[in-house]
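upload-v3.cif, holding mmCIF, C-alpha atoms:
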data_final
#
loop_
_atom_site.label_atom_id
_atom_site.label_comp_id
_atom_site.auth_asym_id
_atom_site.auth_seq_id
_atom_site.Cartn_x
_atom_site.Cartn_y
_atom_site.Cartn_z
CA MET A 1 6.04 -4.17 -0.46
CA LYS A 2 4.51 -5.72 2.64
CA THR A 3 7.98 -6.31 4.13
CA PHE A 4 8.96 -2.69 3.51
CA SER A 5 5.76 -1.43 5.20
CA THR A 6 6.41 -3.71 8.17
CA LEU A 7 9.99 -2.43 8.42
CA ILE A 8 8.88 1.21 8.36
CA LEU A 9 6.21 0.55 11.00
CA SER A 10 8.77 -1.24 13.21
CA LEU A 11 11.20 1.68 12.94
CA ILE A 12 8.50 4.21 13.81
CA ILE A 13 7.46 2.23 16.88
CA THR A 14 11.08 1.73 17.97
CA PHE A 15 12.00 5.42 17.67
CA THR A 16 8.80 6.50 19.41
CA LEU A 17 9.37 4.18 22.37
CA THR A 18 13.05 5.02 22.80
CA SER A 19 12.49 8.77 22.61
CA THR A 20 9.67 8.55 25.16
CA ALA A 21 11.79 6.47 27.56
CA GLN A 22 14.55 9.09 27.49
CA ALA A 23 12.25 11.97 28.35
CA GLY A 24 12.90 13.53 31.73
CA PHE A 25 10.22 13.93 34.35
CA ARG A 26 9.80 15.77 37.63
CA TYR A 27 10.18 13.60 40.68
CA HIS A 28 8.77 14.06 44.16
CA ALA A 29 11.13 14.86 47.02
CA ASP A 30 10.24 15.00 50.71
CA VAL A 31 11.51 18.26 52.17
CA ASN A 32 12.14 18.70 55.89
CA PHE A 33 13.76 21.63 57.67
CA ASN A 34 14.30 23.22 61.03
CA ASP A 35 16.05 26.49 61.95
CA THR A 36 19.52 25.54 60.73
CA ASN A 37 19.23 22.36 58.58
CA ALA A 38 17.23 21.48 55.51
CA GLN A 39 17.11 18.28 53.50
CA ALA A 40 15.35 17.02 50.41
CA LEU A 41 14.96 13.24 50.25
CA VAL A 42 14.53 11.48 46.90
CA VAL A 43 13.51 7.79 46.99
CA ASN A 44 13.42 5.55 43.93
CA ASP A 45 10.19 3.61 44.46
CA ARG A 46 10.02 2.52 40.83
CA GLY A 47 11.25 -0.78 39.47
CA TYR A 48 13.88 0.81 37.23
CA PRO A 49 17.16 2.66 37.82
CA LEU A 50 16.93 6.44 37.61
CA VAL A 51 19.45 9.20 36.95
CA CYS A 52 18.44 12.33 38.85
CA GLN A 53 19.61 15.90 39.11
CA GLY A 54 18.11 18.73 41.07
CA SER A 55 18.42 21.33 43.73
CA ALA A 56 17.17 22.41 47.11
CA ARG A 57 16.84 26.09 47.88
CA GLY A 58 16.08 27.72 51.17
CA ARG A 59 15.14 31.26 52.09
CA THR A 60 16.39 32.57 55.41
CA ALA A 61 14.82 35.11 57.73
CA SER A 62 17.02 37.87 56.29
CA GLY A 63 15.78 37.10 52.76
CA GLU A 64 18.97 35.42 51.60
CA TYR A 65 18.62 32.33 49.37
CA LEU A 66 20.88 29.32 49.85
CA TYR A 67 21.22 26.58 47.23
CA SER A 68 22.54 23.05 47.07
CA TYR A 69 22.70 20.82 43.99
CA MET A 70 22.98 17.17 43.00
CA ASN A 71 23.92 16.17 39.47
CA GLN A 72 23.68 12.82 37.66
CA VAL A 73 22.98 10.76 40.78
CA VAL A 74 22.12 7.14 39.90
CA LEU A 75 19.37 5.65 42.06
CA TYR A 76 18.65 1.96 41.76
CA PRO A 77 15.26 0.64 42.93
CA GLY A 78 14.91 1.12 46.69
CA GLN A 79 17.84 3.54 47.00
CA HIS A 80 17.60 7.14 48.13
CA ALA A 81 19.61 10.37 47.97
CA TYR A 82 19.66 13.56 50.04
CA VAL A 83 20.32 17.20 49.19
CA TYR A 84 21.36 19.24 52.26
CA ILE A 85 21.46 22.97 53.03
CA TYR A 86 22.81 24.55 56.21
CA THR A 87 22.59 28.00 57.77
CA ASN A 88 23.44 29.44 61.17
CA ARG A 89 21.07 29.88 64.11
CA PHE A 90 21.09 33.68 63.78
CA ASN A 91 19.57 33.52 60.28
CA PRO A 92 17.12 30.57 60.33
CA PHE A 93 15.27 29.06 57.38
CA VAL A 94 11.71 30.24 56.77
CA ASN A 95 11.02 28.32 53.55
CA VAL A 96 12.68 25.42 51.69
CA ARG A 97 11.80 23.95 48.28
CA SER A 98 13.27 21.32 46.01
CA ASP A 99 13.20 20.68 42.29
CA ILE A 100 14.22 17.18 41.14
CA HIS A 101 14.25 15.85 37.57
CA CYS A 102 14.95 12.22 36.69
CA ASN A 103 15.44 10.05 33.61
CA PHE A 104 15.32 6.29 33.26
CA LEU A 105 18.81 4.80 33.10
#
Spell out the structure here as structure tokens.
Amino acid sequence: MKTFSTLILSLIITFTLTSTAQAGFRYHADVNFNDTNAQALVVNDRGYPLVCQGSARGRTASGEYLYSYMNQVVLYPGQHAYVYIYTNRFNPFVNVRSDIHCNFL
């Protein structure tokens, strides 16, 4: 009976840890923009590989929204990725935001 209890406890701990490790989390991106260019920079400063997806969205002076996406980008420790958006000089950006979600690889 003690072996069975130990087995059940081991399975509970294993499933709890693996399901927690697979949970996604929001990740910080540095956003910079000028009149015609916008970029969101994601840097993996953790000690583990990450798989990230996300978007950058910019609003122009005319109220139009522009979007750019990245999907399933693998970032090893120390690597970085960019998401770019472009517009023309007659309709400059007034606001840019990003939304990045990552999982451990």
> Between A:Leu105, A:Val94, A:Val73, A:Ala40, which one has atoms that come closest to Ala61 (chain A), using only C-alpha atoms?
Replying inline: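 Comparing A:Leu105, A:Val94, A:Val73, A:Ala40 against Ala61 (chain A), the winner is A:Val94.
Minimum distance to Asn71 (chain A) across A:Arg57, A:Val96, A:His101, A:Tyr48 (counting all atoms listed in the file) occurs at A:His101.
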> What does the PyMOL selection byres ((chain A and resi 103) around 6) select in this file, as a PyMOL selection string?
Replying inline: chain A and resi 24+50-51+102+104
> Restricting the calculation to only C-alpha atoms, which member of A:Gln53, A:Asn32, A:Asn37, A:Thr60 is positioned closest to Pro92 (chain A)?
Replying inline: A:Thr60
> How many Å separate CA of Gly47 (chain A) from CA of Tyr69 (chain A)?
Replying inline: 24.9 Å
> Any idea what the distance is between CA of Ser98 (chain A) and CA of Gly58 (chain A)?
Replying inline: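 Taking CA of Ser98 (chain A) as the start and CA of Gly58 (chain A) as the end point, the length is 8.7 Å.
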>> Between CA of Tyr27 (chain A) and CA of Ile100 (chain A), what is the distance in Å, rounded to a tenth?
In response: 5.4 Å
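Comparing A:Ser68, A:Leu41, A:His80, A:Arg59 by their smallest distance to Phe93 (chain A), the closest is A:Arg59 (using only C-alpha atoms).
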> Can you list, as a list of chain:residue names, the residues that the PyMOL selection byres ((chain A and resi 42) around 7) selects here?
Replying inline: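 This file, filtered by the PyMOL selection byres ((chain A and resi 42) around 7), leaves A:His28, A:Ala29, A:Asp30, A:Ala40, A:Leu41, A:Val43, A:Asn44, A:His80, A:Ala81, A:Tyr82.
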> Of the residues A:Ala38, A:Val31, A:Cys52, A:Ile85, which is the one nearest to Met70 (chain A), using all atoms listed in the file?
Replying inline: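 Using all atoms listed in the file, the shortest distance to Met70 (chain A) belongs to A:Cys52.
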> With distances taken over only C-alpha atoms, which of A:Tyr86, A:Val74, A:Leu66, A:Arg97 is nearest to Thr36 (chain A)?
Replying inline: A:Tyr86
> Evaluating the PyMOL selection byres ((chain A and resi 77) around 8) on the displayed file yields which residues, as a PyMOL selection string?
Replying inline: chain A and resi 44-49+75-76+78-79
Return as lines of an AutoDock Vina configuration file the centre and edge lengths, in Å with one decimal, of the box along x, y and z that encloses every atom of region 73-82 of chain A in the file, padded by 3 Å per side.
center_x = 18.9
center_y = 7.1
center_z = 45.0
size_x = 14.1
size_y = 18.9
size_z = 16.1
Region 42-60 of chain A rebuilt with N, CA and C atoms, output as an mmCIF file, keeping the file's coordinate frame:
data_model
loop_
_atom_site.group_PDB
_atom_site.id
_atom_site.type_symbol
_atom_site.label_atom_id
_atom_site.label_comp_id
_atom_site.auth_asym_id
_atom_site.auth_seq_id
_atom_site.Cartn_x
_atom_site.Cartn_y
_atom_site.Cartn_z
ATOM 1 N N VAL A 42 15.059 12.074 48.128
ATOM 2 C CA VAL A 42 14.530 11.480 46.900
ATOM 3 C C VAL A 42 14.648 9.968 47.031
ATOM 4 N N VAL A 43 13.543 9.249 46.872
ATOM 5 C CA VAL A 43 13.510 7.790 46.990
ATOM 6 C C VAL A 43 13.059 7.204 45.664
ATOM 7 N N ASN A 44 13.811 6.236 45.156
ATOM 8 C CA ASN A 44 13.420 5.550 43.930
ATOM 9 C C ASN A 44 12.480 4.408 44.306
ATOM 10 N N ASP A 45 11.178 4.647 44.170
ATOM 11 C CA ASP A 45 10.190 3.610 44.460
ATOM 12 C C ASP A 45 9.680 2.944 43.189
ATOM 13 N N ARG A 46 10.371 3.165 42.095
ATOM 14 C CA ARG A 46 10.020 2.520 40.830
ATOM 15 C C ARG A 46 10.862 1.260 40.658
ATOM 16 N N GLY A 47 10.522 0.464 39.702
ATOM 17 C CA GLY A 47 11.250 -0.780 39.470
ATOM 18 C C GLY A 47 12.419 -0.646 38.530
ATOM 19 N N TYR A 48 12.813 0.576 38.196
ATOM 20 C CA TYR A 48 13.880 0.810 37.230
ATOM 21 C C TYR A 48 14.903 1.773 37.818
ATOM 22 N N PRO A 49 16.158 1.676 37.388
ATOM 23 C CA PRO A 49 17.160 2.660 37.820
ATOM 24 C C PRO A 49 16.851 4.036 37.253
ATOM 25 N N LEU A 50 17.149 5.062 38.027
ATOM 26 C CA LEU A 50 16.930 6.440 37.610
ATOM 27 C C LEU A 50 18.236 7.221 37.700
ATOM 28 N N VAL A 51 18.361 8.222 36.856
ATOM 29 C CA VAL A 51 19.450 9.200 36.950
ATOM 30 C C VAL A 51 18.775 10.529 37.255
ATOM 31 N N CYS A 52 19.137 11.123 38.393
ATOM 32 C CA CYS A 52 18.440 12.330 38.850
ATOM 33 C C CYS A 52 19.412 13.493 39.025
ATOM 34 N N GLN A 53 18.898 14.671 38.811
ATOM 35 C CA GLN A 53 19.610 15.900 39.110
ATOM 36 C C GLN A 53 18.580 16.865 39.684
ATOM 37 N N GLY A 54 19.051 17.785 40.481
ATOM 38 C CA GLY A 54 18.110 18.730 41.070
ATOM 39 C C GLY A 54 18.764 19.617 42.090
ATOM 40 N N SER A 55 17.914 20.377 42.764
ATOM 41 C CA SER A 55 18.420 21.330 43.730
ATOM 42 C C SER A 55 17.453 21.462 44.892
ATOM 43 N N ALA A 56 17.977 21.977 45.979
ATOM 44 C CA ALA A 56 17.170 22.410 47.110
ATOM 45 C C ALA A 56 17.557 23.862 47.358
ATOM 46 N N ARG A 57 16.576 24.669 47.629
ATOM 47 C CA ARG A 57 16.840 26.090 47.880
ATOM 48 C C ARG A 57 16.056 26.519 49.103
ATOM 49 N N GLY A 58 16.706 27.250 49.948
ATOM 50 C CA GLY A 58 16.080 27.720 51.170
ATOM 51 C C GLY A 58 16.194 29.215 51.308
ATOM 52 N N ARG A 59 15.128 29.816 51.825
ATOM 53 C CA ARG A 59 15.140 31.260 52.090
ATOM 54 C C ARG A 59 15.253 31.454 53.594
ATOM 55 N N THR A 60 16.151 32.318 53.986
ATOM 56 C CA THR A 60 16.390 32.570 55.410
ATOM 57 C C THR A 60 15.570 33.776 55.872
#
